[in-house]
>>> print(open('structure_33.txt').read())   # compact mmCIF, C-alpha atoms
# COMPACT_ATOMS: atom_id res chain seq x y z
CA MET O 983 0.00 0.00 0.00
CA ARG O 984 1.61 3.23 -1.12
CA GLN O 985 1.41 6.51 0.72
CA ASP O 986 -1.64 8.17 -0.79
CA GLU O 987 -4.04 5.18 -0.92
CA MET O 988 -6.50 4.16 1.72
CA THR O 989 -7.16 0.81 3.47
CA PRO O 990 -8.80 -2.04 1.45
CA VAL O 991 -12.15 -1.58 3.24
CA VAL O 992 -12.47 2.03 2.02
CA ARG O 993 -11.37 1.12 -1.51
CA THR O 994 -13.90 -1.72 -1.82
CA ILE O 995 -16.86 0.29 -0.58
CA ALA O 996 -15.97 3.27 -2.82
CA ALA O 997 -15.79 1.00 -5.89
CA LEU O 998 -19.12 -0.63 -4.96
CA ILE O 999 -21.29 2.47 -4.52
CA PHE O 1000 -19.80 4.58 -7.35
CA PRO O 1001 -22.29 3.35 -10.04
CA PHE O 1002 -25.29 4.11 -7.82
CA ILE O 1003 -24.18 7.71 -7.27
CA ILE O 1004 -23.69 8.20 -11.03
CA ILE O 1005 -27.17 6.77 -11.74
CA PHE O 1006 -28.70 9.04 -9.10
CA SER O 1007 -27.05 12.09 -10.65
CA PHE O 1008 -28.41 11.16 -14.11
CA TYR O 1009 -31.88 10.74 -12.55
CA VAL O 1010 -31.75 14.23 -10.99
CA ILE O 1011 -30.53 15.77 -14.30
CA MET O 1012 -33.14 14.08 -16.51
CA HIS O 1013 -36.14 14.87 -14.26
CA GLY O 1014 -35.24 18.55 -13.98
CA HIS O 1015 -38.50 19.78 -15.48
CA LEU O 1016 -40.75 17.67 -13.19
CA THR O 1017 -39.18 17.61 -9.70
CA PRO O 1018 -36.79 19.96 -7.88
CA GLY O 1019 -33.33 19.60 -9.41
CA GLY O 1020 -31.94 20.23 -12.85
CA GLY O 1021 -28.58 20.66 -14.52
CA PHE O 1022 -26.47 22.29 -11.79
CA GLN O 1023 -27.66 20.13 -8.90
CA GLY O 1024 -27.19 16.83 -10.76
CA GLY O 1025 -23.80 17.96 -12.04
CA ALA O 1026 -22.59 18.64 -8.48
CA ILE O 1027 -23.66 15.12 -7.41
CA GLY O 1028 -21.76 13.56 -10.34
CA ALA O 1029 -18.62 15.59 -9.63
CA SER O 1030 -18.65 14.53 -5.98
CA ALA O 1031 -18.72 10.88 -7.10
CA ILE O 1032 -15.43 11.37 -9.00
CA VAL O 1033 -13.95 13.26 -6.03
CA MET O 1034 -14.82 10.27 -3.80
CA LEU O 1035 -12.71 8.08 -6.10
CA ILE O 1036 -9.82 10.57 -5.92
CA VAL O 1037 -9.91 10.48 -2.09
CA ALA O 1038 -10.07 6.66 -1.91
CA TYR O 1039 -7.55 5.66 -4.59
CA GLY O 1040 -5.08 8.56 -4.78
CA ALA O 1041 -4.72 11.10 -7.57
CA ARG O 1042 -2.17 9.17 -9.68
CA ASN O 1043 -4.36 6.06 -10.07
CA VAL O 1044 -7.35 8.16 -11.17
CA LYS O 1045 -5.13 10.08 -13.62
CA LYS O 1046 -4.40 6.85 -15.50
CA LYS O 1047 -8.09 6.28 -16.24
CA ALA O 1048 -9.44 9.84 -16.68
CA LYS O 1049 -6.89 12.44 -17.76
CA GLU O 1050 -7.52 16.15 -17.44
CA GLU O 1051 -7.63 16.55 -21.23
CA SER O 1052 -10.57 14.16 -21.64
CA LEU O 1053 -12.46 15.87 -18.79
CA SER O 1054 -11.86 19.25 -20.48
CA ILE O 1055 -13.19 17.90 -23.79
CA PHE O 1056 -16.28 16.59 -21.93
CA GLU O 1057 -16.87 20.06 -20.52
CA SER O 1058 -16.44 21.82 -23.87
CA ILE O 1059 -18.96 19.54 -25.62
CA GLY O 1060 -21.59 20.60 -23.06
CA GLY O 1061 -20.95 24.29 -23.73
CA LEU O 1062 -21.12 23.78 -27.52
CA VAL O 1063 -24.50 21.99 -27.30
CA PHE O 1064 -25.95 24.92 -25.32
CA VAL O 1065 -24.89 27.52 -27.92
CA ILE O 1066 -25.94 25.34 -30.91
CA VAL O 1067 -29.46 24.84 -29.50
CA GLY O 1068 -29.72 28.61 -29.04
CA ILE O 1069 -28.65 29.31 -32.63
CA ILE O 1070 -31.13 26.74 -33.98
CA GLY O 1071 -33.85 28.64 -32.11
CA PHE O 1072 -32.61 31.88 -33.70
CA VAL O 1073 -32.62 30.47 -37.25
CA ALA O 1074 -35.83 28.43 -37.17
CA ALA O 1075 -38.02 30.76 -35.08
CA SER O 1076 -38.04 34.32 -33.80
CA SER O 1077 -35.31 34.85 -31.16
CA PHE O 1078 -32.20 33.36 -29.50
CA LEU O 1079 -33.04 30.43 -27.14
CA TYR O 1080 -36.66 30.34 -28.30
CA ASN O 1081 -38.60 27.28 -27.14
CA PHE O 1082 -39.24 25.80 -30.58
CA LEU O 1083 -40.09 22.23 -29.44
CA VAL O 1084 -43.48 22.98 -27.78
CA GLY O 1085 -46.10 21.00 -29.76
CA GLU O 1086 -43.59 18.85 -31.66
CA PRO O 1087 -43.60 15.08 -31.05
CA LEU O 1088 -40.03 14.95 -29.65
CA PHE O 1089 -40.29 16.67 -26.25
CA GLY O 1090 -43.36 18.79 -26.54
CA THR O 1091 -46.62 17.51 -24.98
CA ILE O 1092 -48.28 20.26 -22.96
CA PRO O 1093 -49.28 18.97 -19.49
CA PRO O 1094 -52.86 19.61 -18.26
CA PHE O 1095 -53.37 22.59 -15.96
CA GLY O 1096 -53.15 21.95 -12.21
CA SER O 1097 -51.86 18.99 -10.26
CA ASN O 1098 -50.77 15.99 -12.36
CA PRO O 1099 -48.24 13.14 -12.20
CA GLY O 1100 -45.40 14.25 -14.41
CA ILE O 1101 -45.00 13.34 -18.09
CA LEU O 1102 -41.36 12.72 -19.07
CA ASN O 1103 -42.01 13.59 -22.70
CA SER O 1104 -42.77 17.27 -21.96
CA GLY O 1105 -40.61 20.32 -21.50
CA GLY O 1106 -39.58 21.74 -24.86
CA ILE O 1107 -35.83 22.41 -25.03
CA LEU O 1108 -35.44 22.16 -21.23
CA PRO O 1109 -34.17 18.51 -21.04
CA ILE O 1110 -31.53 19.18 -23.74
CA LEU O 1111 -30.25 22.26 -21.90
CA ASN O 1112 -30.25 20.32 -18.60
CA ILE O 1113 -28.01 17.61 -20.08
CA ALA O 1114 -25.63 20.21 -21.59
CA VAL O 1115 -25.21 22.10 -18.31
CA GLY O 1116 -24.84 18.82 -16.37
CA MET O 1117 -21.95 17.72 -18.62
CA LYS O 1118 -20.30 21.11 -18.21
CA VAL O 1119 -20.47 21.08 -14.40
CA ILE O 1120 -19.25 17.45 -14.04
CA GLY O 1121 -16.26 18.00 -16.35
CA GLY O 1122 -15.29 21.34 -14.84
CA LEU O 1123 -15.43 20.51 -11.12
CA ALA O 1124 -13.79 17.07 -11.50
CA SER O 1125 -10.86 18.45 -13.53
CA VAL O 1126 -10.20 21.29 -11.06
CA VAL O 1127 -10.09 18.93 -8.05
CA LEU O 1128 -7.86 16.47 -9.95
CA VAL O 1129 -5.33 19.18 -10.86
CA MET O 1130 -5.24 20.49 -7.28
CA ALA O 1131 -4.71 16.98 -5.86
CA LEU O 1132 -1.82 16.40 -8.25
CA ALA O 1133 -0.17 19.75 -7.49
CA GLY O 1134 0.29 19.11 -3.78
CA GLY O 1135 1.58 15.59 -4.25
CA ASP O 1136 5.20 15.91 -5.24
CA GLU O 1137 7.31 18.60 -3.62
CA GLU O 1138 10.99 18.51 -4.44
CA MET L 373 -8.66 52.05 13.13
CA ARG L 374 -10.08 48.81 11.76
CA TRP L 375 -12.38 48.49 14.78
CA VAL L 376 -13.98 51.90 14.03
CA ALA L 377 -14.78 50.91 10.43
CA PHE L 378 -16.16 47.55 11.57
CA VAL L 379 -18.49 49.12 14.17
CA VAL L 380 -19.79 51.73 11.66
CA PHE L 381 -20.46 48.93 9.13
CA ALA L 382 -22.36 46.89 11.74
CA ALA L 383 -24.45 49.95 12.72
CA PHE L 384 -25.45 50.55 9.06
CA LEU L 385 -26.48 46.88 8.64
CA LEU L 386 -28.63 46.89 11.78
CA PHE L 387 -30.38 50.08 10.72
CA ALA L 388 -31.07 48.56 7.29
CA ALA L 389 -32.57 45.38 8.83
CA TYR L 390 -34.89 47.49 10.97
CA GLU L 391 -36.24 49.33 7.92
CA LEU L 392 -36.93 46.28 5.70
CA HIS L 393 -40.45 44.95 5.09
CA PRO L 394 -41.71 42.33 7.58
CA PHE L 395 -40.90 38.74 6.76
CA GLY L 396 -43.62 36.99 4.77
CA GLU L 397 -45.72 39.92 3.56
CA LEU L 398 -45.07 41.09 0.01
CA ASP L 399 -46.16 44.37 -1.56
CA ASP L 400 -46.36 43.76 -5.28
CA SER L 401 -45.96 40.39 -7.01
CA ARG L 402 -47.60 40.75 -10.40
CA MET L 403 -44.70 39.39 -12.49
CA ASP L 404 -44.43 36.20 -10.44
CA ASP L 405 -48.20 35.66 -10.50
CA TYR L 406 -48.08 35.81 -14.30
CA ILE L 407 -45.14 33.38 -14.40
CA ILE L 408 -46.81 30.85 -12.07
CA SER L 409 -50.13 31.00 -13.97
CA ASN L 410 -48.73 30.68 -17.51
CA ALA L 411 -45.62 28.49 -17.10
CA GLN L 412 -47.40 25.26 -18.07
CA ASN L 413 -48.93 26.67 -21.27
CA GLU L 414 -45.90 28.43 -22.67
CA THR L 415 -42.98 26.21 -21.64
CA ALA L 416 -44.68 22.79 -21.22
CA ALA L 417 -42.85 22.06 -17.95
CA ASN L 418 -44.19 21.34 -14.47
CA ASN L 419 -41.38 23.07 -12.61
CA ALA L 420 -41.72 26.87 -12.48
CA VAL L 421 -38.18 27.46 -11.14
CA THR L 422 -36.51 25.50 -13.99
CA SER L 423 -38.66 27.28 -16.58
CA VAL L 424 -37.55 30.64 -15.16
CA VAL L 425 -33.85 29.60 -15.18
CA PHE L 426 -33.78 28.11 -18.71
CA ASP L 427 -36.67 29.68 -20.64
CA TYR L 428 -37.71 33.10 -19.33
CA ARG L 429 -34.14 34.04 -18.33
CA GLY L 430 -32.03 31.67 -20.39
CA TYR L 431 -29.54 34.40 -21.35
CA ASP L 432 -28.41 34.73 -17.72
CA THR L 433 -27.72 30.99 -17.62
CA LEU L 434 -25.54 31.35 -20.72
CA GLY L 435 -23.55 34.10 -18.99
CA GLU L 436 -23.15 31.98 -15.87
CA ALA L 437 -21.86 29.02 -17.91
CA THR L 438 -19.29 31.39 -19.45
CA VAL L 439 -18.14 32.57 -16.00
CA LEU L 440 -17.76 28.95 -14.84
CA PHE L 441 -15.76 28.07 -17.98
CA THR L 442 -13.45 31.09 -17.60
CA ALA L 443 -12.71 30.48 -13.91
CA ILE L 444 -11.93 26.77 -14.48
CA ALA L 445 -9.70 27.62 -17.47
CA GLY L 446 -7.81 30.15 -15.30
CA ALA L 447 -7.33 27.60 -12.48
CA LEU L 448 -6.03 24.99 -14.95
CA VAL L 449 -3.55 27.42 -16.53
CA VAL L 450 -2.10 28.52 -13.16
CA LEU L 451 -1.44 24.94 -11.98
CA ARG L 452 0.07 23.62 -15.19
CA ARG L 453 3.17 21.52 -14.87
CA VAL L 454 5.84 21.83 -17.51
CA LYS L 455 7.64 18.62 -18.45
CA LYS L 456 11.41 18.97 -18.47
CA MET K 1059 -44.68 34.16 14.63
CA ILE K 1060 -41.27 34.58 13.07
CA TYR K 1061 -40.84 38.38 13.47
CA SER K 1062 -38.15 38.66 10.74
CA ILE K 1063 -35.54 36.43 12.45
CA PRO K 1064 -34.01 35.39 9.05
CA PHE K 1065 -32.94 38.99 8.33
CA TYR K 1066 -31.09 39.22 11.65
CA THR K 1067 -29.44 35.83 10.97
CA VAL K 1068 -28.16 37.24 7.66
CA ILE K 1069 -26.64 40.22 9.49
CA ILE K 1070 -24.90 38.01 12.07
CA LEU K 1071 -23.40 35.84 9.31
CA ILE K 1072 -22.17 38.91 7.36
CA LEU K 1073 -20.48 40.31 10.49
CA VAL K 1074 -18.78 36.97 11.26
CA GLY K 1075 -17.50 36.70 7.68
CA MET K 1076 -16.22 40.30 7.59
CA TYR K 1077 -14.45 39.81 10.94
CA ALA K 1078 -12.62 36.77 9.54
CA MET K 1079 -11.63 38.67 6.40
CA ILE K 1080 -10.38 41.87 8.11
CA PHE K 1081 -8.72 40.70 11.29
CA ARG K 1082 -6.93 37.46 10.32
CA ARG K 1083 -3.66 37.13 8.40
CA ASN K 1084 -3.68 33.57 7.06
CA LEU K 1085 -4.78 33.31 3.41
CA ILE K 1086 -6.94 30.22 3.98
CA LYS K 1087 -8.87 31.97 6.78
CA MET K 1088 -9.57 34.90 4.45
CA ALA K 1089 -10.96 32.46 1.86
CA ILE K 1090 -13.22 30.87 4.50
CA GLY K 1091 -14.50 34.32 5.54
CA LEU K 1092 -15.37 35.18 1.94
CA THR K 1093 -17.33 31.91 1.61
CA ILE K 1094 -19.32 32.72 4.77
CA VAL K 1095 -20.29 36.17 3.36
CA GLU K 1096 -21.30 34.44 0.09
CA SER K 1097 -23.59 32.02 1.96
CA ALA K 1098 -25.21 34.88 3.90
CA VAL K 1099 -26.03 36.80 0.69
CA ASN K 1100 -27.58 33.66 -0.89
CA LEU K 1101 -29.75 33.16 2.21
CA PHE K 1102 -30.90 36.78 1.98
CA LEU K 1103 -31.90 36.36 -1.68
CA VAL K 1104 -33.98 33.26 -0.93
CA THR K 1105 -35.82 34.74 2.06
CA LEU K 1106 -36.87 37.81 0.06
CA GLY K 1107 -39.39 35.76 -1.90
CA TYR K 1108 -41.33 34.05 0.88
CA ARG K 1109 -45.10 34.22 1.12
CA GLU K 1110 -46.66 33.16 4.43
CA GLY K 1111 -48.19 29.65 4.30
CA GLY K 1112 -47.05 28.91 0.75
CA VAL K 1113 -45.85 25.75 -1.01
CA ALA K 1114 -43.15 25.24 -3.66
CA PRO K 1115 -44.16 26.32 -7.21
CA ILE K 1116 -44.08 22.78 -8.68
CA TYR K 1117 -47.18 21.21 -10.22
CA THR K 1118 -46.20 17.50 -9.95
CA ASN K 1119 -48.40 15.83 -7.30
CA LEU K 1120 -49.54 19.12 -5.81
CA PRO K 1121 -51.59 18.67 -2.59
CA SER K 1122 -55.27 19.49 -3.18
CA GLY K 1123 -56.87 22.73 -2.09
CA ILE K 1124 -54.12 25.20 -3.07
CA LYS K 1125 -55.17 28.40 -4.86
CA ILE K 1126 -52.84 28.53 -7.86
CA PRO K 1127 -51.14 31.96 -7.93
CA GLU K 1128 -51.91 33.17 -4.41
CA GLU K 1129 -50.50 30.46 -2.18
CA MET K 1130 -47.24 29.67 -3.96
CA VAL K 1131 -43.77 31.00 -3.16
CA LEU K 1132 -42.17 33.32 -5.76
CA PRO K 1133 -39.86 31.44 -8.19
CA VAL K 1134 -37.67 34.29 -9.49
CA PRO K 1135 -35.39 34.82 -6.39
CA GLN K 1136 -34.66 31.08 -6.34
CA ALA K 1137 -33.40 31.29 -9.94
CA LEU K 1138 -31.09 34.21 -9.08
CA THR K 1139 -29.70 32.30 -6.06
CA LEU K 1140 -28.79 29.33 -8.28
CA THR K 1141 -26.60 31.55 -10.46
CA SER K 1142 -24.99 33.13 -7.40
CA ILE K 1143 -24.03 29.77 -5.87
CA VAL K 1144 -22.28 28.63 -9.05
CA ILE K 1145 -20.34 31.89 -9.33
CA GLY K 1146 -19.24 31.48 -5.68
CA VAL K 1147 -17.84 28.03 -6.47
CA ALA K 1148 -15.88 29.44 -9.43
CA ILE K 1149 -14.38 32.25 -7.30
CA LEU K 1150 -13.35 29.78 -4.57
CA ALA K 1151 -11.60 27.49 -7.12
CA LEU K 1152 -9.55 30.38 -8.53
CA MET K 1153 -8.66 31.72 -5.06
CA LEU K 1154 -7.39 28.36 -3.81
CA SER K 1155 -5.25 27.69 -6.89
CA LEU K 1156 -3.61 31.14 -6.50
CA SER K 1157 -2.93 30.30 -2.83
CA ILE K 1158 -1.14 27.10 -3.90
CA MET K 1159 1.08 29.11 -6.26
CA ILE K 1160 1.87 31.72 -3.55
CA TYR K 1161 2.87 28.98 -1.10
CA ARG K 1162 5.09 27.34 -3.68
CA HIS K 1163 6.86 30.64 -4.47
CA TYR K 1164 7.27 32.24 -1.02
CA GLY K 1165 7.23 29.28 1.39
CA THR K 1166 4.71 30.94 3.75
CA LEU K 1167 0.99 31.82 3.83
CA ASP K 1168 1.20 34.93 6.03
CA SER K 1169 -0.27 37.93 4.24
CA LYS K 1170 2.13 40.42 5.83
CA LYS K 1171 5.20 38.63 4.44
CA VAL K 1172 4.11 38.25 0.80
CA ARG K 1173 4.15 41.95 -0.03
CA ARG K 1174 7.22 42.54 -2.16
CA LEU K 1175 7.57 41.11 -5.67
CA LYS K 1176 10.65 39.02 -5.15
CA GLU K 1177 13.18 38.24 -7.86
>>> encode(input="structure_33.txt", output="structure tokens")
Amino acid sequence: MRQDEMTPVVRTIAALIFPFIIIFSFYVIMHGHLTPGGGFQGGAIGASAIVMLIVAYGARNVKKKAKEESLSIFESIGGLVFVIVGIIGFVAASSFLYNFLVGEPLFGTIPPFGSNPGILNSGGILPILNIAVGMKVIGGLASVVLVMALAGGDEE
Amino acid sequence: MRWVAFVVFAAFLLFAAYELHPFGELDDSRMDDYIISNAQNETAANNAVTSVVFDYRGYDTLGEATVLFTAIAGALVVLRRVKK
Amino acid sequence: MIYSIPFYTVIILILVGMYAMIFRRNLIKMAIGLTIVESAVNLFLVTLGYREGGVAPIYTNLPSGIKIPEEMVLPVPQALTLTSIVIGVAILALMLSLSIMIYRHYGTLDSKKVRRLKE
């Protein structure tokens, strides 16, 4: 056991519950237009799952699987999707970030007025923007914590 | 000298809290009543807070995503390690 | 029955945060003080939009007997608070990475000894 790893009990439990935290963060991101939650909240949950792996296994072992360059590319794809959806709204309809999917069969059923159990198929462009912002937050926060954990490791 | 500035600042804050409106009673809320009544027809979402963040004020969310991107890019540039 | 206790809580938190920022010399304690002031301002933004006896403005499985625009809490201050929290996280990340570079260059974190631009 090297210096920056933890005991085998901590490593086993962290590897066991990591998929459940990722699935919970995807659930919070996808149901952003029905329940409290959305892009930023689900992205913070996903970033804290990767930080749990950094604490349990040490920064060098995590760097072999997920480098900072691939996390930066993951973040930039989220930002590009946000701007492209806005420009499609500008070209196809009246203004930037116009909700052009209300009434279409992809994401656009209008829910009945008042209290109802939620329909996942509704929301216009809101689920697409939620996924874009969730990818941006996960990539950004995980890469910053990884770079800081690597910087304090080796002091000459 | 710092204690004088701190006490004057605390006195201003306490005076401002005394003059605010009482907690729980609002004067004028016409914009929010319109948003709560028409959020299901215009944005097809059940959550009024998410429809305000991404549909009625989506431009502010674009600016906030830019601020997050710039701060993380600055933190990554400062802590770069140059290979010898 | 609350008698505007949340506003006085906001003032106590702002004073604690400003005390930590003005009167302490360690850089990490200054960063902690700034985060406390940030949390107090977010709390103030959320408590501005409270309506007495109201529920959250979400229509999924709403309990019956709620008048639709009169008994719901305002949604716009909650949206502004979300933006403010994310900007606070970005400021804290940049401040801590600059602290790491200062410690690597000067060898100390005391703010009275890192004044001159050395070398």
>>> interface_residues(input="structure_33.txt", of="chain L", to="chain O", cutoff="12 Å", atoms="all atoms listed in the file", output="JSON, numbers by chain")
{"L": [408, 409, 410, 411, 412, 413, 414, 415, 416, 417, 418, 419, 420, 421, 422, 423, 424, 425, 426, 427, 428, 429, 430, 431, 432, 433, 434, 435, 436, 437, 438, 439, 440, 441, 442, 443, 444, 445, 446, 447, 448, 449, 450, 451, 452, 453, 454]}
>>> write_last_selection(input="structure_33.txt", atoms="C-alpha atoms", output="PDB file, in the coordinates of the input")
ATOM      1  CA  ILE L 408     -46.810  30.850 -12.070  1.00  0.00           C
ATOM      2  CA  SER L 409     -50.130  31.000 -13.970  1.00  0.00           C
ATOM      3  CA  ASN L 410     -48.730  30.680 -17.510  1.00  0.00           C
ATOM      4  CA  ALA L 411     -45.620  28.490 -17.100  1.00  0.00           C
ATOM      5  CA  GLN L 412     -47.400  25.260 -18.070  1.00  0.00           C
ATOM      6  CA  ASN L 413     -48.930  26.670 -21.270  1.00  0.00           C
ATOM      7  CA  GLU L 414     -45.900  28.430 -22.670  1.00  0.00           C
ATOM      8  CA  THR L 415     -42.980  26.210 -21.640  1.00  0.00           C
ATOM      9  CA  ALA L 416     -44.680  22.790 -21.220  1.00  0.00           C
ATOM     10  CA  ALA L 417     -42.850  22.060 -17.950  1.00  0.00           C
ATOM     11  CA  ASN L 418     -44.190  21.340 -14.470  1.00  0.00           C
ATOM     12  CA  ASN L 419     -41.380  23.070 -12.610  1.00  0.00           C
ATOM     13  CA  ALA L 420     -41.720  26.870 -12.480  1.00  0.00           C
ATOM     14  CA  VAL L 421     -38.180  27.460 -11.140  1.00  0.00           C
ATOM     15  CA  THR L 422     -36.510  25.500 -13.990  1.00  0.00           C
ATOM     16  CA  SER L 423     -38.660  27.280 -16.580  1.00  0.00           C
ATOM     17  CA  VAL L 424     -37.550  30.640 -15.160  1.00  0.00           C
ATOM     18  CA  VAL L 425     -33.850  29.600 -15.180  1.00  0.00           C
ATOM     19  CA  PHE L 426     -33.780  28.110 -18.710  1.00  0.00           C
ATOM     20  CA  ASP L 427     -36.670  29.680 -20.640  1.00  0.00           C
ATOM     21  CA  TYR L 428     -37.710  33.100 -19.330  1.00  0.00           C
ATOM     22  CA  ARG L 429     -34.140  34.040 -18.330  1.00  0.00           C
ATOM     23  CA  GLY L 430     -32.030  31.670 -20.390  1.00  0.00           C
ATOM     24  CA  TYR L 431     -29.540  34.400 -21.350  1.00  0.00           C
ATOM     25  CA  ASP L 432     -28.410  34.730 -17.720  1.00  0.00           C
ATOM     26  CA  THR L 433     -27.720  30.990 -17.620  1.00  0.00           C
ATOM     27  CA  LEU L 434     -25.540  31.350 -20.720  1.00  0.00           C
ATOM     28  CA  GLY L 435     -23.550  34.100 -18.990  1.00  0.00           C
ATOM     29  CA  GLU L 436     -23.150  31.980 -15.870  1.00  0.00           C
ATOM     30  CA  ALA L 437     -21.860  29.020 -17.910  1.00  0.00           C
ATOM     31  CA  THR L 438     -19.290  31.390 -19.450  1.00  0.00           C
ATOM     32  CA  VAL L 439     -18.140  32.570 -16.000  1.00  0.00           C
ATOM     33  CA  LEU L 440     -17.760  28.950 -14.840  1.00  0.00           C
ATOM     34  CA  PHE L 441     -15.760  28.070 -17.980  1.00  0.00           C
ATOM     35  CA  THR L 442     -13.450  31.090 -17.600  1.00  0.00           C
ATOM     36  CA  ALA L 443     -12.710  30.480 -13.910  1.00  0.00           C
ATOM     37  CA  ILE L 444     -11.930  26.770 -14.480  1.00  0.00           C
ATOM     38  CA  ALA L 445      -9.700  27.620 -17.470  1.00  0.00           C
ATOM     39  CA  GLY L 446      -7.810  30.150 -15.300  1.00  0.00           C
ATOM     40  CA  ALA L 447      -7.330  27.600 -12.480  1.00  0.00           C
ATOM     41  CA  LEU L 448      -6.030  24.990 -14.950  1.00  0.00           C
ATOM     42  CA  VAL L 449      -3.550  27.420 -16.530  1.00  0.00           C
ATOM     43  CA  VAL L 450      -2.100  28.520 -13.160  1.00  0.00           C
ATOM     44  CA  LEU L 451      -1.440  24.940 -11.980  1.00  0.00           C
ATOM     45  CA  ARG L 452       0.070  23.620 -15.190  1.00  0.00           C
ATOM     46  CA  ARG L 453       3.170  21.520 -14.870  1.00  0.00           C
ATOM     47  CA  VAL L 454       5.840  21.830 -17.510  1.00  0.00           C
TER      48      VAL L 454
END
>>> interface_residues(input="structure_33.txt", of="chain K", to="chain L", cutoff="9 Å", atoms="only C-alpha atoms", output="JSON, numbers by chain")
{"K": [1060, 1061, 1062, 1063, 1064, 1065, 1066, 1069, 1073, 1076, 1077, 1080, 1081, 1105, 1106, 1107, 1108, 1109, 1110, 1111, 1115, 1116, 1117, 1118, 1126, 1127, 1128, 1130, 1131, 1132, 1133, 1134, 1136, 1137, 1138, 1140, 1141, 1142, 1144, 1145, 1147, 1148, 1149, 1151, 1152, 1153, 1154, 1155, 1156, 1158, 1159]}
>>> atom_distance(input="structure_33.txt", atom1="CA of Ala1038 in chain O", atom2="CA of Met988 in chain O")
5.7 Å
>>> closest_residue(input="structure_33.txt", among="K:Ile1124, K:Val1074, K:Val1104, K:Val1172", to="Gly1091 in chain K", atoms="only C-alpha atoms")
K:Val1074
>>> residues_around(input="structure_33.txt", residues="Val1044 in chain O", least_positions_apart="5", cutoff="10 Å", atoms="only C-alpha atoms", output="list in words")
Ile1032, Val1033, Leu1035, Ile1036, Val1037, Ala1038, Tyr1039, Lys1049 and Leu1128 of chain O
>>> build_atoms(input="structure_33.txt", residues="range 434-446 of chain L", atoms="N, CA and C atoms", output="PDB file, keeping the file's coordinate frame")
ATOM      1  N   LEU L 434     -26.676  31.396 -19.793  1.00  0.00           N
ATOM      2  CA  LEU L 434     -25.540  31.350 -20.720  1.00  0.00           C
ATOM      3  C   LEU L 434     -24.356  32.147 -20.177  1.00  0.00           C
ATOM      4  N   GLY L 435     -24.622  33.314 -19.591  1.00  0.00           N
ATOM      5  CA  GLY L 435     -23.550  34.100 -18.990  1.00  0.00           C
ATOM      6  C   GLY L 435     -22.908  33.399 -17.809  1.00  0.00           C
ATOM      7  N   GLU L 436     -23.711  32.683 -17.010  1.00  0.00           N
ATOM      8  CA  GLU L 436     -23.150  31.980 -15.870  1.00  0.00           C
ATOM      9  C   GLU L 436     -22.298  30.800 -16.314  1.00  0.00           C
ATOM     10  N   ALA L 437     -22.689  30.109 -17.381  1.00  0.00           N
ATOM     11  CA  ALA L 437     -21.860  29.020 -17.910  1.00  0.00           C
ATOM     12  C   ALA L 437     -20.539  29.567 -18.431  1.00  0.00           C
ATOM     13  N   THR L 438     -20.549  30.771 -18.995  1.00  0.00           N
ATOM     14  CA  THR L 438     -19.290  31.390 -19.450  1.00  0.00           C
ATOM     15  C   THR L 438     -18.378  31.728 -18.281  1.00  0.00           C
ATOM     16  N   VAL L 439     -18.953  32.238 -17.180  1.00  0.00           N
ATOM     17  CA  VAL L 439     -18.140  32.570 -16.000  1.00  0.00           C
ATOM     18  C   VAL L 439     -17.509  31.305 -15.430  1.00  0.00           C
ATOM     19  N   LEU L 440     -18.280  30.214 -15.365  1.00  0.00           N
ATOM     20  CA  LEU L 440     -17.760  28.950 -14.840  1.00  0.00           C
ATOM     21  C   LEU L 440     -16.624  28.445 -15.732  1.00  0.00           C
ATOM     22  N   PHE L 441     -16.797  28.532 -17.057  1.00  0.00           N
ATOM     23  CA  PHE L 441     -15.760  28.070 -17.980  1.00  0.00           C
ATOM     24  C   PHE L 441     -14.490  28.887 -17.832  1.00  0.00           C
ATOM     25  N   THR L 442     -14.639  30.234 -17.699  1.00  0.00           N
ATOM     26  CA  THR L 442     -13.450  31.090 -17.600  1.00  0.00           C
ATOM     27  C   THR L 442     -12.683  30.849 -16.307  1.00  0.00           C
ATOM     28  N   ALA L 443     -13.403  30.685 -15.191  1.00  0.00           N
ATOM     29  CA  ALA L 443     -12.710  30.480 -13.910  1.00  0.00           C
ATOM     30  C   ALA L 443     -11.974  29.142 -13.905  1.00  0.00           C
ATOM     31  N   ILE L 444     -12.592  28.074 -14.480  1.00  0.00           N
ATOM     32  CA  ILE L 444     -11.930  26.770 -14.480  1.00  0.00           C
ATOM     33  C   ILE L 444     -10.746  26.779 -15.434  1.00  0.00           C
ATOM     34  N   ALA L 445     -10.848  27.511 -16.560  1.00  0.00           N
ATOM     35  CA  ALA L 445      -9.700  27.620 -17.470  1.00  0.00           C
ATOM     36  C   ALA L 445      -8.550  28.362 -16.788  1.00  0.00           C
ATOM     37  N   GLY L 446      -8.857  29.433 -16.017  1.00  0.00           N
ATOM     38  CA  GLY L 446      -7.810  30.150 -15.300  1.00  0.00           C
ATOM     39  C   GLY L 446      -7.131  29.281 -14.255  1.00  0.00           C
TER      40      GLY L 446
END
